[in-house]
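**Student:** One file: input01.txt (compact mmCIF, C-alpha atoms).
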```txt
# COMPACT_ATOMS: atom_id res chain seq x y z
CA MET R 54 0.00 0.00 0.00
CA LYS R 55 2.68 2.52 1.03
CA GLU R 56 4.90 1.83 -1.99
CA GLY R 57 2.04 1.48 -4.47
CA THR R 58 -1.38 2.96 -3.82
CA LEU R 59 -0.37 5.80 -1.49
CA VAL R 60 2.58 6.80 -3.67
CA THR R 61 0.32 6.85 -6.73
CA TYR R 62 -2.17 9.07 -4.89
CA ASN R 63 0.59 11.45 -3.79
CA VAL R 64 1.89 11.72 -7.36
CA LEU R 65 -1.62 12.45 -8.66
CA GLU R 66 -2.30 15.06 -5.99
CA SER R 67 1.01 16.74 -6.78
CA MET R 68 0.05 16.73 -10.46
CA ARG R 69 -3.28 18.36 -9.63
CA VAL R 70 -1.69 21.08 -7.50
CA ASN R 71 1.02 21.82 -10.08
CA ASP R 72 -1.26 21.52 -13.13
CA ILE R 73 0.58 18.53 -14.65
CA LYS R 74 -1.73 16.87 -17.17
CA ASN R 75 -0.14 13.61 -18.39
CA ILE R 76 0.82 10.42 -16.54
CA VAL R 77 2.20 7.08 -17.71
CA PHE R 78 1.57 4.23 -15.25
CA SER R 79 3.31 0.86 -15.10
CA SER R 80 0.51 -1.53 -14.17
CA SER R 81 0.64 -5.30 -14.50
CA SER R 82 -1.06 -8.35 -15.96
CA VAL R 83 -1.78 -9.46 -12.38
CA VAL R 84 -4.68 -6.98 -12.17
CA TYR R 85 -6.74 -9.54 -14.11
CA GLY R 86 -6.32 -12.26 -11.48
CA GLU R 87 -7.05 -15.83 -12.58
CA THR R 88 -8.81 -15.16 -15.85
CA LYS R 89 -11.23 -17.42 -17.66
CA THR R 90 -10.14 -15.94 -21.00
CA MET R 91 -6.64 -16.31 -22.44
CA PRO R 92 -5.25 -14.41 -24.21
CA THR R 93 -6.76 -11.78 -21.90
CA PRO R 94 -7.93 -8.50 -23.52
CA GLU R 95 -7.93 -5.07 -21.90
CA ASP R 96 -11.73 -5.06 -21.53
CA TYR R 97 -11.81 -8.35 -19.60
CA GLY R 98 -13.75 -8.17 -16.38
CA PRO R 99 -14.28 -8.25 -13.58
CA CYS R 100 -10.62 -7.73 -12.64
CA LEU R 101 -10.14 -9.75 -9.45
CA PRO R 102 -6.45 -9.76 -8.46
CA ILE R 103 -5.38 -12.51 -6.06
CA SER R 104 -2.21 -10.82 -4.76
CA LEU R 105 -1.75 -7.64 -2.73
CA TYR R 106 0.58 -6.40 -5.46
CA GLY R 107 -2.14 -6.89 -8.05
CA ALA R 108 -4.71 -5.20 -5.82
CA SER R 109 -2.38 -2.22 -5.38
CA LYS R 110 -1.89 -1.91 -9.16
CA LEU R 111 -5.63 -2.07 -9.80
CA ALA R 112 -6.23 0.54 -7.10
CA GLY R 113 -3.62 2.73 -8.76
CA GLU R 114 -5.42 2.43 -12.09
CA GLY R 115 -8.67 3.44 -10.43
CA LEU R 116 -7.15 6.48 -8.76
CA ILE R 117 -5.56 7.59 -12.01
CA THR R 118 -8.72 7.30 -14.09
CA ALA R 119 -10.69 9.15 -11.40
CA PHE R 120 -8.19 12.01 -11.36
CA CYS R 121 -8.20 12.12 -15.16
CA HIS R 122 -11.96 12.49 -15.33
CA ASN R 123 -12.20 14.99 -12.47
CA PHE R 124 -9.18 17.20 -13.20
CA ASN R 125 -8.84 17.04 -16.98
CA MET R 126 -5.75 14.83 -17.01
CA LYS R 127 -4.67 12.21 -19.53
CA CYS R 128 -3.20 8.79 -18.74
CA TRP R 129 -1.57 5.77 -20.32
CA LEU R 130 -2.01 2.58 -18.29
CA PHE R 131 0.28 -0.27 -19.35
CA ARG R 132 -0.49 -3.77 -18.12
CA PHE R 133 2.90 -5.43 -18.42
CA ALA R 134 3.77 -9.04 -19.00
CA ASN R 135 6.76 -10.21 -16.90
CA ILE R 136 9.59 -7.81 -17.77
CA VAL R 137 13.10 -9.31 -17.98
CA GLY R 138 16.55 -7.97 -18.77
CA GLY R 139 19.94 -7.17 -17.29
CA ARG R 140 20.43 -5.57 -13.87
CA GLN R 141 17.34 -7.24 -12.41
CA THR R 142 17.17 -7.33 -8.61
CA HIS R 143 14.32 -9.83 -8.31
CA GLY R 144 12.24 -12.20 -10.39
CA ILE R 145 12.50 -15.75 -11.64
CA LEU R 146 15.85 -15.45 -13.45
CA PHE R 147 17.49 -13.50 -10.63
CA ASP R 148 16.29 -16.10 -8.11
CA PHE R 149 17.33 -19.09 -10.22
CA ILE R 150 20.81 -17.72 -10.88
CA GLY R 151 21.28 -16.92 -7.19
CA LYS R 152 20.30 -20.46 -6.21
CA LEU R 153 22.60 -22.04 -8.79
CA LYS R 154 25.56 -19.94 -7.70
CA LYS R 155 25.06 -21.21 -4.16
CA ASN R 156 24.45 -24.82 -5.21
CA PRO R 157 25.09 -25.73 -8.87
CA LYS R 158 24.11 -29.34 -8.23
CA GLU R 159 20.41 -28.64 -7.60
CA LEU R 160 17.87 -26.02 -8.66
CA GLU R 161 14.77 -25.65 -6.51
CA VAL R 162 11.74 -24.55 -8.52
CA LEU R 163 8.66 -23.35 -6.66
CA GLY R 164 5.53 -25.15 -7.82
CA ASN R 165 5.29 -27.95 -10.38
CA GLY R 166 7.10 -26.10 -13.16
CA ARG R 167 4.03 -25.95 -15.36
CA GLN R 168 3.16 -22.35 -14.54
CA LYS R 169 3.06 -20.70 -17.95
CA LYS R 170 3.50 -16.97 -18.44
CA SER R 171 4.50 -14.34 -20.97
CA TYR R 172 7.85 -12.53 -20.76
CA LEU R 173 8.90 -9.26 -22.39
CA LEU R 174 12.44 -7.97 -22.84
CA VAL R 175 12.94 -4.60 -21.16
CA ASP R 176 14.09 -3.08 -24.47
CA ASP R 177 10.76 -3.99 -26.06
CA CYS R 178 8.90 -2.69 -23.02
CA ILE R 179 10.47 0.76 -23.26
CA ASP R 180 9.99 0.86 -27.02
CA GLY R 181 6.32 -0.10 -26.63
CA ILE R 182 5.67 2.59 -24.04
CA ILE R 183 7.23 5.37 -26.11
CA PHE R 184 5.47 4.25 -29.29
CA THR R 185 2.06 4.03 -27.63
CA VAL R 186 2.30 7.40 -25.87
CA ASN R 187 3.24 9.00 -29.18
CA ASN R 188 0.47 7.29 -31.15
CA SER R 189 -2.61 7.22 -28.87
CA ASN R 190 -4.54 10.21 -27.63
CA GLU R 191 -7.61 9.19 -25.60
CA GLN R 192 -8.12 10.65 -22.15
CA VAL R 193 -7.64 7.15 -20.70
CA ASN R 194 -5.42 4.82 -22.73
CA VAL R 195 -5.23 1.22 -21.47
CA TYR R 196 -2.89 -1.22 -23.21
CA ASN R 197 -1.59 -4.72 -22.57
CA LEU R 198 2.15 -4.69 -23.22
CA GLY R 199 3.71 -8.05 -23.99
CA CYS R 200 4.30 -10.57 -26.75
CA ASP R 201 1.85 -13.09 -28.16
CA ASP R 202 3.21 -16.27 -26.55
CA ASN R 203 4.21 -17.69 -23.17
CA ILE R 204 6.63 -20.22 -21.71
CA GLU R 205 6.58 -22.71 -18.82
CA VAL R 206 8.76 -22.26 -15.76
CA SER R 207 10.32 -25.67 -16.42
CA GLY R 208 11.39 -24.43 -19.85
CA ILE R 209 13.02 -21.37 -18.30
CA ALA R 210 14.91 -23.57 -15.83
CA LYS R 211 16.22 -25.85 -18.59
CA THR R 212 17.23 -22.89 -20.76
CA LEU R 213 19.17 -21.36 -17.88
CA LEU R 214 21.00 -24.62 -17.15
CA GLU R 215 22.01 -24.83 -20.80
CA GLU R 216 23.30 -21.25 -20.81
CA MET R 217 25.28 -21.89 -17.60
CA ASP R 218 26.58 -25.20 -19.01
CA LEU R 219 25.26 -27.14 -16.01
CA LYS R 220 24.59 -30.58 -17.45
CA ASP R 221 24.28 -32.59 -14.24
CA THR R 222 22.12 -30.24 -12.20
CA LYS R 223 18.97 -31.78 -10.73
CA ILE R 224 15.76 -29.75 -10.91
CA ARG R 225 13.63 -30.19 -7.78
CA TYR R 226 10.02 -29.03 -7.92
CA THR R 227 8.29 -28.15 -4.65
CA GLY R 228 4.87 -29.13 -6.05
CA GLY R 229 1.52 -27.46 -6.55
CA ASN R 230 0.33 -25.28 -9.40
CA ARG R 231 1.49 -22.02 -7.77
CA GLY R 232 4.95 -20.82 -6.91
CA TRP R 233 3.67 -18.87 -3.89
CA SER R 234 0.49 -17.51 -2.35
CA GLY R 235 -1.03 -15.06 -4.81
CA ASP R 236 0.82 -16.52 -7.81
CA VAL R 237 -1.22 -16.80 -11.01
CA PRO R 238 -0.49 -20.19 -12.65
CA GLY R 239 -1.09 -18.98 -16.20
CA MET R 240 -0.92 -15.66 -18.03
CA LEU R 241 -1.09 -14.65 -21.67
CA LEU R 242 -2.06 -11.11 -22.62
CA ASP R 243 -4.13 -10.31 -25.69
CA VAL R 244 -1.90 -7.81 -27.49
CA ARG R 245 -4.04 -7.25 -30.57
CA LYS R 246 -4.96 -3.72 -29.48
CA ILE R 247 -1.36 -2.50 -29.35
CA ASN R 248 -0.52 -4.49 -32.48
CA LYS R 249 -3.35 -2.70 -34.29
CA LEU R 250 -1.87 0.60 -33.16
CA GLY R 251 1.28 -0.39 -35.02
CA TRP R 252 3.60 -1.86 -32.39
CA ARG R 253 4.77 -5.45 -31.94
CA ALA R 254 7.42 -6.95 -29.65
CA ARG R 255 10.64 -7.83 -31.44
CA HIS R 256 11.28 -10.83 -29.18
CA ASN R 257 9.00 -13.67 -28.10
CA SER R 258 9.01 -15.02 -24.54
CA ARG R 259 11.81 -17.55 -25.08
CA GLU R 260 13.99 -15.01 -26.90
CA ALA R 261 13.40 -12.48 -24.13
CA ILE R 262 14.42 -15.06 -21.52
CA CYS R 263 17.57 -16.00 -23.45
CA GLN R 264 18.62 -12.37 -23.89
CA ALA R 265 18.02 -11.63 -20.22
CA ILE R 266 20.03 -14.68 -19.12
CA LYS R 267 23.01 -13.63 -21.24
CA ARG R 268 22.94 -10.13 -19.76
CA LEU R 269 22.59 -11.35 -16.18
CA LEU R 270 25.48 -13.79 -16.60
CA ALA R 271 27.76 -11.32 -18.38
CA PRO R 272 30.76 -10.04 -16.38
CA SER R 273 29.94 -6.73 -14.73
```
Let me see the structure of the file written as structure tokens.

**Tutor:**
Amino acid sequence: MKEGTLVTYNVLESMRVNDIKNIVFSSSSVVYGETKTMPTPEDYGPCLPISLYGASKLAGEGLITAFCHNFNMKCWLFRFANIVGGRQTHGILFDFIGKLKKNPKELEVLGNGRQKKSYLLVDDCIDGIIFTVNNSNEQVNVYNLGCDDNIEVSGIAKTLLEEMDLKDTKIRYTGGNRGWSGDVPGMLLDVRKINKLGWRARHNSREAICQAIKRLLAPS
């Protein structure tokens, strides 16, 4: 709440006081919760997030749209896929690499490995944001930002082991269809709206993962 919803409110209030009219907001695919429709379009509803992070993002979206309508502001709300790249400080690749550096003989994977999600390279994410802001002009602009495929966690683990040349490492799954409480087992965004606008990710999920691994493993 303090790092998400309250910060978003404070930014909006500062915008109102200082007559700032435009805001770009990094939301997330987790606002949809466990959807019955995949790929999931922007107009899917109701949005029922199952994590506090997702709830905070959805609350942020609500605050922003309310301020836009009441104080003549304009917003771009981007619901991201899982963003990957170099210099990450958390996330699946960061965690996996940290575990393997401590124990290259075994990789613990939370869940059953069949969680399947979409990943977007940070380069594509930035490019998509800039393109969309420059090419859409509604008062409230909501866009899914991702690629049109997804990949299983088990596939990510195997790809990482290959890149690290760890041929004898055992993968140990903790079991269950979620990695943690609030984890969504499957996610694939419907990106037809942003594609129609004229933008498409240059990398699919597997390519994004491979690029991110190379950057994370590169000497600093």

**Student:** Which is closest to Gly113 of chain R among R:Arg69, R:Lys211, R:Arg132, R:His143, if we use only C-alpha atoms?

**Tutor:**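 The shortest atom-to-atom distance to Gly113 of chain R comes from R:Arg132.
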
**Student:** Looking at all atoms listed in the file, which of R:Cys200, R:Ala108, R:Ile182, R:Val193 is the one that sits closest to Lys127 of chain R?

**Tutor:**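 When distances to Lys127 of chain R are compared using all atoms listed in the file, the smallest one comes from R:Val193.
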
**Student:** Enter the distance from atom CA of Asn125 of chain R to atom CA of Trp252 of chain R, in Å, rounded to one decimal.

**Tutor:** 27.4 Å

**Student:** Within 12 Å of (-2.6, 12.9, -8.3) in the file's own coordinates, which protein, DNA or RNA residues have an atom, counting all atoms listed in the file? List them as a ChimeraX atom specification.

**Tutor:** /R:58-76,78,113-128

**Student:** Using all atoms listed in the file, find the one residue out of R:Asn190, R:Pro157, R:Leu213, R:Cys100 that sits nearest to Thr88 of chain R.

**Tutor:** R:Cys100

**Student:** Which of these residues is nearest to Lys89 of chain R, using all atoms listed in the file: R:Val186, R:Leu269, R:Val206, R:Leu241?

**Tutor:**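 With all atoms listed in the file as the atom set, the closest residue is R:Leu241.
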
**Student:** Could you check which of R:Gly98, R:Pro92, R:Gly235, R:Gly57 is closest to Ser80 of chain R, using all atoms listed in the file?

**Tutor:** R:Gly57

**Student:** Which is closer to Val83 of chain R than all the others in R:Met240, R:Ala210, R:Leu130, R:Ile150, using all atoms listed in the file?

**Tutor:**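 The shortest atom-to-atom distance to Val83 of chain R comes from R:Met240.
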
**Student:** Find the residues around Gly164 of chain R up to 9 Å (only C-alpha atoms counted), leave out those fewer than 5 positions away in its own chain, and share them as a list of chain:residue names.

**Tutor:**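 Near neighbours after the sequence-gap exclusion: R:Tyr226, R:Thr227, R:Gly228, R:Gly229, R:Asn230, R:Arg231, R:Gly232, R:Trp233.
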
**Student:** Box time for segment 213-224 of chain R: axis-aligned, enclosing all its listed atoms, 6 Å extra on each side; report centre and edge lengths in Å to one decimal, as JSON.

**Tutor:**
```
{"center_x": 21.2, "center_y": -26.9, "center_z": -15.8, "size_x": 22.8, "size_y": 23.3, "size_z": 22.1}
```

**Student:** Excluding same-chain residues fewer than 4 positions from Asn248 of chain R, what lies within 12 Å of it counting all atoms listed in the file, as a PDB file with C-alpha atoms, in the coordinates of the input?

**Tutor:**
```pdb
ATOM      1  CA  GLY R 181       6.320  -0.100 -26.630  1.00  0.00           C
ATOM      2  CA  PHE R 184       5.470   4.250 -29.290  1.00  0.00           C
ATOM      3  CA  THR R 185       2.060   4.030 -27.630  1.00  0.00           C
ATOM      4  CA  ASN R 188       0.470   7.290 -31.150  1.00  0.00           C
ATOM      5  CA  TYR R 196      -2.890  -1.220 -23.210  1.00  0.00           C
ATOM      6  CA  ASN R 197      -1.590  -4.720 -22.570  1.00  0.00           C
ATOM      7  CA  LEU R 198       2.150  -4.690 -23.220  1.00  0.00           C
ATOM      8  CA  GLY R 199       3.710  -8.050 -23.990  1.00  0.00           C
ATOM      9  CA  CYS R 200       4.300 -10.570 -26.750  1.00  0.00           C
ATOM     10  CA  ASP R 201       1.850 -13.090 -28.160  1.00  0.00           C
ATOM     11  CA  LEU R 242      -2.060 -11.110 -22.620  1.00  0.00           C
ATOM     12  CA  ASP R 243      -4.130 -10.310 -25.690  1.00  0.00           C
ATOM     13  CA  VAL R 244      -1.900  -7.810 -27.490  1.00  0.00           C
ATOM     14  CA  TRP R 252       3.600  -1.860 -32.390  1.00  0.00           C
ATOM     15  CA  ARG R 253       4.770  -5.450 -31.940  1.00  0.00           C
ATOM     16  CA  ALA R 254       7.420  -6.950 -29.650  1.00  0.00           C
ATOM     17  CA  ARG R 255      10.640  -7.830 -31.440  1.00  0.00           C
TER      18      ARG R 255
END
```

**Student:** As an exercise, work out the distance from atom CA of Ala261 of chain R to atom CA of Leu105 of chain R in Å and give it to one decimal place.

**Tutor:**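 We find that atom CA of Ala261 of chain R and atom CA of Leu105 of chain R lie 26.7 Å from each other.
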